[in-house]
file structure-v7.pdb (PDB, C-alpha atoms)
MODEL        1
ATOM      1  CA  MET A   1      22.507  15.021 -14.394
ATOM      2  CA  LEU A   2      21.120  16.323 -11.110
ATOM      3  CA  VAL A   3      18.713  14.047  -9.253
ATOM      4  CA  LEU A   4      16.678  15.641  -6.449
ATOM      5  CA  LEU A   5      14.957  13.447  -3.891
ATOM      6  CA  GLY A   6      12.934  14.206  -0.819
ATOM      7  CA  PRO A   7       9.545  13.701   0.732
ATOM      8  CA  SER A   8       6.503  15.757  -0.228
ATOM      9  CA  ALA A   9       6.913  19.519   0.375
ATOM     10  CA  SER A  10      10.647  19.355   1.055
ATOM     11  CA  GLY A  11      11.330  22.128  -1.469
ATOM     12  CA  LYS A  12      12.289  20.101  -4.544
ATOM     13  CA  THR A  13       9.949  21.624  -7.095
ATOM     14  CA  GLU A  14      10.063  25.235  -5.901
ATOM     15  CA  SER A  15      13.853  25.403  -5.607
ATOM     16  CA  ALA A  16      14.114  23.758  -9.025
ATOM     17  CA  LYS A  17      11.931  26.490 -10.560
ATOM     18  CA  ILE A  18      14.354  29.086  -9.204
ATOM     19  CA  MET A  19      17.357  27.197 -10.598
ATOM     20  CA  ILE A  20      15.782  27.154 -14.064
ATOM     21  CA  ASN A  21      15.583  30.953 -14.007
ATOM     22  CA  ARG A  22      19.124  31.475 -12.707
ATOM     23  CA  TYR A  23      21.303  28.763 -14.158
ATOM     24  CA  PRO A  24      21.893  26.861 -17.419
ATOM     25  CA  ILE A  25      19.858  23.874 -16.298
ATOM     26  CA  SER A  26      16.423  22.609 -17.266
ATOM     27  CA  ARG A  27      14.022  20.089 -15.875
ATOM     28  CA  VAL A  28      13.584  16.628 -17.282
ATOM     29  CA  VAL A  29       9.890  16.540 -18.046
ATOM     30  CA  THR A  30       8.684  13.265 -16.625
ATOM     31  CA  CYS A  31       5.380  11.551 -17.222
ATOM     32  CA  THR A  32       2.708  10.745 -14.663
ATOM     33  CA  THR A  33      -0.793   9.409 -14.267
ATOM     34  CA  ARG A  34      -1.551  11.589 -11.241
ATOM     35  CA  PRO A  35      -4.113  14.391 -11.575
ATOM     36  CA  ARG A  36      -2.785  17.799 -12.547
ATOM     37  CA  ARG A  37      -2.546  20.321  -9.681
ATOM     38  CA  ILE A  38      -3.697  23.916  -9.925
ATOM     39  CA  ASN A  39      -1.210  25.964 -12.012
ATOM     40  CA  GLU A  40       0.586  22.891 -13.418
ATOM     41  CA  ILE A  41       1.162  22.920 -17.166
ATOM     42  CA  ASP A  42       1.054  19.742 -19.234
ATOM     43  CA  GLY A  43       4.388  19.342 -21.012
ATOM     44  CA  PHE A  44       6.206  21.668 -18.615
ATOM     45  CA  ASP A  45       5.603  20.389 -15.086
ATOM     46  CA  TYR A  46       4.811  16.837 -16.220
ATOM     47  CA  ARG A  47       3.365  15.086 -19.209
ATOM     48  CA  PHE A  48       0.016  13.869 -17.916
ATOM     49  CA  PHE A  49      -1.314  10.542 -19.209
ATOM     50  CA  SER A  50      -4.094   8.141 -18.406
ATOM     51  CA  VAL A  51      -2.983   4.801 -16.965
ATOM     52  CA  ASP A  52      -3.679   3.102 -20.320
ATOM     53  CA  GLU A  53      -1.659   5.676 -22.274
ATOM     54  CA  PHE A  54       1.222   5.387 -19.795
ATOM     55  CA  LYS A  55       1.292   1.591 -19.965
ATOM     56  CA  ALA A  56       1.256   1.681 -23.792
ATOM     57  CA  LEU A  57       4.330   3.974 -23.774
ATOM     58  CA  GLU A  58       6.009   1.692 -21.249
ATOM     59  CA  LYS A  59       5.500  -1.326 -23.529
ATOM     60  CA  LYS A  60       7.103   0.595 -26.414
ATOM     61  CA  GLY A  61      10.280   1.167 -24.332
ATOM     62  CA  TYR A  62       9.733   4.927 -24.097
ATOM     63  CA  PHE A  63      10.939   5.208 -20.481
ATOM     64  CA  ILE A  64      14.363   4.706 -18.933
ATOM     65  CA  GLU A  65      12.594   3.939 -15.650
ATOM     66  CA  THR A  66       9.125   3.839 -14.173
ATOM     67  CA  ALA A  67       7.863   3.841 -10.622
ATOM     68  CA  GLU A  68       4.667   3.848  -8.638
ATOM     69  CA  TYR A  69       4.379   6.486  -5.910
ATOM     70  CA  ASN A  70       1.256   7.445  -3.944
ATOM     71  CA  GLU A  71      -0.812   5.154  -6.190
ATOM     72  CA  ASN A  72       0.266   6.976  -9.374
ATOM     73  CA  LEU A  73       2.667   5.947 -12.146
ATOM     74  CA  TYR A  74       5.734   8.016 -13.049
ATOM     75  CA  GLY A  75       8.221   7.535 -15.862
ATOM     76  CA  THR A  76      11.295   9.203 -17.322
ATOM     77  CA  PRO A  77      11.561   9.455 -21.125
ATOM     78  CA  LYS A  78      14.917   8.250 -22.463
ATOM     79  CA  ASP A  79      15.376  11.306 -24.675
ATOM     80  CA  GLU A  80      15.431  13.709 -21.697
ATOM     81  CA  LEU A  81      18.776  12.728 -20.105
ATOM     82  CA  ALA A  82      21.730  15.192 -20.142
ATOM     83  CA  ASP A  83      24.223  17.015 -17.867
ATOM     84  CA  ASP A  84      22.311  20.294 -18.078
ATOM     85  CA  LYS A  85      19.128  18.644 -16.815
ATOM     86  CA  PHE A  86      17.688  17.771 -13.432
ATOM     87  CA  ILE A  87      15.008  15.362 -12.388
ATOM     88  CA  ILE A  88      12.975  14.874  -9.245
ATOM     89  CA  LEU A  89      12.779  11.182  -8.335
ATOM     90  CA  GLU A  90      11.748   8.950  -5.484
ATOM     91  CA  PRO A  91      14.250   6.395  -4.101
ATOM     92  CA  GLN A  92      13.125   3.580  -6.413
ATOM     93  CA  GLY A  93      13.768   5.843  -9.410
ATOM     94  CA  LEU A  94      17.230   6.773  -8.129
ATOM     95  CA  LYS A  95      18.053   3.104  -7.729
ATOM     96  CA  SER A  96      17.040   2.478 -11.364
ATOM     97  CA  PHE A  97      19.097   5.414 -12.617
ATOM     98  CA  LEU A  98      22.184   4.324 -10.694
ATOM     99  CA  TYR A  99      21.806   0.780 -12.011
ATOM    100  CA  LEU A 100      21.361   1.924 -15.620
ATOM    101  CA  ASN A 101      24.121   4.565 -15.262
ATOM    102  CA  PRO A 102      23.001   6.581 -18.329
ATOM    103  CA  CYS A 103      25.287   9.549 -17.541
ATOM    104  CA  PRO A 104      27.100  11.029 -14.505
ATOM    105  CA  ILE A 105      24.479  11.456 -11.757
ATOM    106  CA  VAL A 106      24.621  13.696  -8.677
ATOM    107  CA  ALA A 107      21.889  12.712  -6.188
ATOM    108  CA  ILE A 108      20.877  15.305  -3.587
ATOM    109  CA  TYR A 109      18.323  14.524  -0.881
ATOM    110  CA  LEU A 110      16.240  17.362   0.609
ATOM    111  CA  LYS A 111      15.303  16.648   4.204
ATOM    112  CA  THR A 112      12.691  18.689   6.082
ATOM    113  CA  GLU A 113      10.987  18.390   9.457
ATOM    114  CA  GLU A 114       7.570  16.763   9.129
ATOM    115  CA  SER A 115       5.705  19.638  10.816
ATOM    116  CA  VAL A 116       7.162  22.113   8.301
ATOM    117  CA  ARG A 117       6.194  19.835   5.406
ATOM    118  CA  ILE A 118       2.614  19.613   6.684
ATOM    119  CA  SER A 119       2.428  23.426   6.888
ATOM    120  CA  ARG A 120       3.774  23.756   3.352
ATOM    121  CA  MET A 121       1.222  21.276   1.990
ATOM    122  CA  LYS A 122      -1.591  23.181   3.722
ATOM    123  CA  GLU A 123      -0.293  26.448   2.224
ATOM    124  CA  ARG A 124      -0.395  24.986  -1.280
ATOM    125  CA  LYS A 125      -3.993  23.900  -0.599
ATOM    126  CA  ASP A 126      -3.486  20.124  -0.566
ATOM    127  CA  LYS A 127      -6.429  18.204   0.886
ATOM    128  CA  MET A 128      -5.950  16.922   4.459
ATOM    129  CA  LYS A 129      -6.654  13.368   3.308
ATOM    130  CA  ASP A 130      -3.820  13.671   0.754
ATOM    131  CA  ILE A 131      -1.483  15.300   3.286
ATOM    132  CA  ASN A 132      -2.009  12.503   5.797
ATOM    133  CA  HIS A 133      -1.507   9.850   3.113
ATOM    134  CA  ARG A 134       1.718  11.476   1.854
ATOM    135  CA  ILE A 135       3.149  11.867   5.348
ATOM    136  CA  LEU A 136       2.543   8.193   6.123
ATOM    137  CA  SER A 137       3.907   7.036   2.756
ATOM    138  CA  ASP A 138       6.933   9.316   2.970
ATOM    139  CA  ARG A 139       7.926   7.970   6.384
ATOM    140  CA  GLU A 140       8.530   4.624   4.722
ATOM    141  CA  ASP A 141       9.456   5.599   1.152
ATOM    142  CA  PHE A 142      11.946   8.329   2.105
ATOM    143  CA  ASN A 143      13.526   6.687   5.146
ATOM    144  CA  LEU A 144      17.191   7.646   4.803
ATOM    145  CA  ASP A 145      18.277   4.317   6.304
ATOM    146  CA  ASN A 146      16.986   2.590   3.161
ATOM    147  CA  ILE A 147      18.292   4.980   0.469
ATOM    148  CA  THR A 148      21.656   4.381  -1.171
ATOM    149  CA  GLY A 149      23.552   6.351  -3.775
ATOM    150  CA  LEU A 150      23.115   9.833  -2.308
ATOM    151  CA  ASP A 151      25.902  12.354  -2.820
ATOM    152  CA  LEU A 152      24.567  15.002  -0.428
ATOM    153  CA  ILE A 153      21.802  15.596   2.124
ATOM    154  CA  ILE A 154      20.551  19.164   2.628
ATOM    155  CA  ASP A 155      18.245  20.128   5.508
ATOM    156  CA  THR A 156      15.645  22.500   4.020
ATOM    157  CA  THR A 157      13.737  23.157   7.247
ATOM    158  CA  ASP A 158      15.170  26.631   7.894
ATOM    159  CA  ILE A 159      16.496  27.771   4.502
ATOM    160  CA  ASN A 160      14.641  30.020   2.082
ATOM    161  CA  LEU A 161      14.005  28.728  -1.410
ATOM    162  CA  SER A 162      16.322  31.227  -3.118
ATOM    163  CA  ASP A 163      19.298  30.230  -0.959
ATOM    164  CA  LEU A 164      18.359  26.566  -1.316
ATOM    165  CA  ALA A 165      18.363  26.818  -5.112
ATOM    166  CA  ASP A 166      21.825  28.431  -5.083
ATOM    167  CA  LEU A 167      23.167  25.834  -2.655
ATOM    168  CA  ILE A 168      21.817  22.915  -4.695
ATOM    169  CA  TYR A 169      23.161  24.218  -8.004
ATOM    170  CA  ASN A 170      26.604  25.133  -6.661
ATOM    171  CA  ARG A 171      27.050  21.784  -4.921
ATOM    172  CA  TYR A 172      25.752  19.969  -8.008
ATOM    173  CA  THR A 173      28.313  21.592 -10.300
ATOM    174  CA  GLU A 174      31.138  20.826  -7.838
ATOM    175  CA  LEU A 175      30.105  17.193  -7.454
ATOM    176  CA  LEU A 176      29.513  16.756 -11.201
ATOM    177  CA  ARG A 177      33.043  18.003 -12.000
ATOM    178  CA  THR A 178      34.442  15.516  -9.485
ATOM    179  CA  LYS A 179      32.412  12.629 -10.918
ATOM    180  CA  LYS A 180      33.349  13.460 -14.503
ATOM    181  CA  GLY A 181      37.001  13.575 -13.471
ATOM    182  CA  GLU A 182      36.679  10.148 -11.848
ATOM    183  CA  ARG A 183      34.994   8.734 -14.985
ATOM    184  CA  ASN A 184      37.766  10.106 -17.218
ATOM    185  CA  GLU A 185      40.431   8.521 -15.013
ATOM    186  CA  SER A 186      38.789   5.084 -15.312
TER     187      SER A 186
ENDMDL
END
call {"tool": "encode", "arguments": {"input": "structure-v7.pdb", "output": "structure tokens"}}
result
Amino acid sequence: MLVLLGPSASGKTESAKIMINRYPISRVVTCTTRPRRINEIDGFDYRFFSVDEFKALEKKGYFIETAEYNENLYGTPKDELADDKFIILEPQGLKSFLYLNPCPIVAIYLKTEESVRISRMKERKDKMKDINHRILSDREDFNLDNITGLDLIIDTTDINLSDLADLIYNRYTELLRTKKGERNES
């Protein structure tokens, strides 16, 4: 399973959309309580729930992990995990996945200069209040000094999304083969 991490507007979602169209990989559809953005589709981009609905599913053991990020709840359904899937997580989610070890995981962090991320958020019409909040939160939440379990860090500042998608997928398949080989030897 491919795990993508990175601060807001680092290219995770857009490069993932390209991968879906080019390669035999699909997105784990996670659940969230955050409001739906323009052009997001319920059941494709996320499964959108109220806080009460989310907490009821959590009590039933529906999720392999849950996290709170930017004052919203996120969770990964257990039935979504497989080698031909990818998921976008924050560091707390990666830590949970590595602890639970549900399948071989390749964790790739997308790093981008803050000024570029701000420009990208403005281009996608995020509100300035939200941009400022995300930048401040991301400085702490995505501090590389505090994140363990990464297999690769890719700087997305100066790479186009098409090339980024190819790079991520190719490195993922290489690293996954290596990890599966190591698991078989154990």
call {"tool": "residues_around", "arguments": {"input": "structure-v7.pdb", "residues": "Thr76 (chain A)", "least_positions_apart": "4", "cutoff": "7 Å", "atoms": "all atoms listed in the file", "output": "PyMOL selection string"}}
result
chain A and resi 30-31+63-66
call {"tool": "residues_near_point", "arguments": {"input": "structure-v7.pdb", "point": "(14.5, 24.0, -8.0)", "cutoff": "12 Å", "atoms": "all atoms listed in the file", "output": "number ranges by chain"}}
result
A: 2-5, 10-23, 25-28, 45, 85-88, 108, 110, 160-169, 172
call {"tool": "write_last_selection", "arguments": {"input": "structure-v7.pdb", "atoms": "C-alpha atoms", "output": "compact mmCIF listing (two decimals), in the coordinates of the input"}}
result
# COMPACT_ATOMS: atom_id res chain seq x y z
CA LEU A 2 21.12 16.32 -11.11
CA VAL A 3 18.71 14.05 -9.25
CA LEU A 4 16.68 15.64 -6.45
CA LEU A 5 14.96 13.45 -3.89
CA SER A 10 10.65 19.36 1.06
CA GLY A 11 11.33 22.13 -1.47
CA LYS A 12 12.29 20.10 -4.54
CA THR A 13 9.95 21.62 -7.10
CA GLU A 14 10.06 25.24 -5.90
CA SER A 15 13.85 25.40 -5.61
CA ALA A 16 14.11 23.76 -9.02
CA LYS A 17 11.93 26.49 -10.56
CA ILE A 18 14.35 29.09 -9.20
CA MET A 19 17.36 27.20 -10.60
CA ILE A 20 15.78 27.15 -14.06
CA ASN A 21 15.58 30.95 -14.01
CA ARG A 22 19.12 31.48 -12.71
CA TYR A 23 21.30 28.76 -14.16
CA ILE A 25 19.86 23.87 -16.30
CA SER A 26 16.42 22.61 -17.27
CA ARG A 27 14.02 20.09 -15.88
CA VAL A 28 13.58 16.63 -17.28
CA ASP A 45 5.60 20.39 -15.09
CA LYS A 85 19.13 18.64 -16.82
CA PHE A 86 17.69 17.77 -13.43
CA ILE A 87 15.01 15.36 -12.39
CA ILE A 88 12.98 14.87 -9.24
CA ILE A 108 20.88 15.30 -3.59
CA LEU A 110 16.24 17.36 0.61
CA ASN A 160 14.64 30.02 2.08
CA LEU A 161 14.00 28.73 -1.41
CA SER A 162 16.32 31.23 -3.12
CA ASP A 163 19.30 30.23 -0.96
CA LEU A 164 18.36 26.57 -1.32
CA ALA A 165 18.36 26.82 -5.11
CA ASP A 166 21.82 28.43 -5.08
CA LEU A 167 23.17 25.83 -2.66
CA ILE A 168 21.82 22.92 -4.70
CA TYR A 169 23.16 24.22 -8.00
CA TYR A 172 25.75 19.97 -8.01
call {"tool": "atom_distance", "arguments": {"input": "structure-v7.pdb", "atom1": "CA of Gly6 (chain A)", "atom2": "CA of Tyr109 (chain A)"}}
result
5.4 Å
call {"tool": "closest_residue", "arguments": {"input": "structure-v7.pdb", "among": "A:Leu176, A:Leu81, A:Ala9, A:Leu73", "to": "Phe49 (chain A)", "atoms": "only C-alpha atoms"}}
result
A:Leu73
call {"tool": "axis_aligned_box", "arguments": {"input": "structure-v7.pdb", "around": "region 75-80 of chain A", "padding_each_side": "8 Å", "output": "AutoDock Vina command-line options"}}
result
--center_x 11.8 --center_y 10.6 --center_z -20.3 --size_x 23.2 --size_y 22.2 --size_z 24.8
call {"tool": "atom_distance", "arguments": {"input": "structure-v7.pdb", "atom1": "CA of Met128 (chain A)", "atom2": "CA of Asp52 (chain A)"}}
result
28.5 Å
call {"tool": "atom_distance", "arguments": {"input": "structure-v7.pdb", "atom1": "CA of Tyr74 (chain A)", "atom2": "CA of Phe142 (chain A)"}}
result
16.4 Å
call {"tool": "residues_around", "arguments": {"input": "structure-v7.pdb", "residues": "region 101-103 of chain A", "least_positions_apart": "5", "cutoff": "8 Å", "atoms": "only C-alpha atoms", "output": "MDAnalysis selection string"}}
result
chainID A and resid 1 81:83
call {"tool": "write_last_selection", "arguments": {"input": "structure-v7.pdb", "atoms": "C-alpha atoms", "output": "compact mmCIF listing (two decimals), in the frame of the given file"}}
result
# COMPACT_ATOMS: atom_id res chain seq x y z
CA MET A 1 22.51 15.02 -14.39
CA LEU A 81 18.78 12.73 -20.10
CA ALA A 82 21.73 15.19 -20.14
CA ASP A 83 24.22 17.02 -17.87
call {"tool": "residues_around", "arguments": {"input": "structure-v7.pdb", "residues": "Ser115 (chain A)", "least_positions_apart": "6", "cutoff": "12 Å", "atoms": "all atoms listed in the file", "output": "NGL selection string"}}
result
:A and (8-10 or 121-122 or 131-132 or 135 or 157)
call {"tool": "closest_residue", "arguments": {"input": "structure-v7.pdb", "among": "A:Leu144, A:Val29, A:Ile159, A:Leu136", "to": "Glu80 (chain A)", "atoms": "only C-alpha atoms"}}
result
A:Val29
call {"tool": "resolve_selection", "arguments": {"input": "structure-v7.pdb", "expression": "the PyMOL selection byres ((chain A and resi 92) around 9)", "output": "JSON, numbers by chain"}}
result
{"A": [66, 67, 68, 89, 90, 91, 93, 94, 95, 96, 97, 141, 147]}
call {"tool": "closest_residue", "arguments": {"input": "structure-v7.pdb", "among": "A:Glu113, A:Asn72, A:Ala56, A:Pro7", "to": "Thr33 (chain A)", "atoms": "all atoms listed in the file"}}
result
A:Asn72
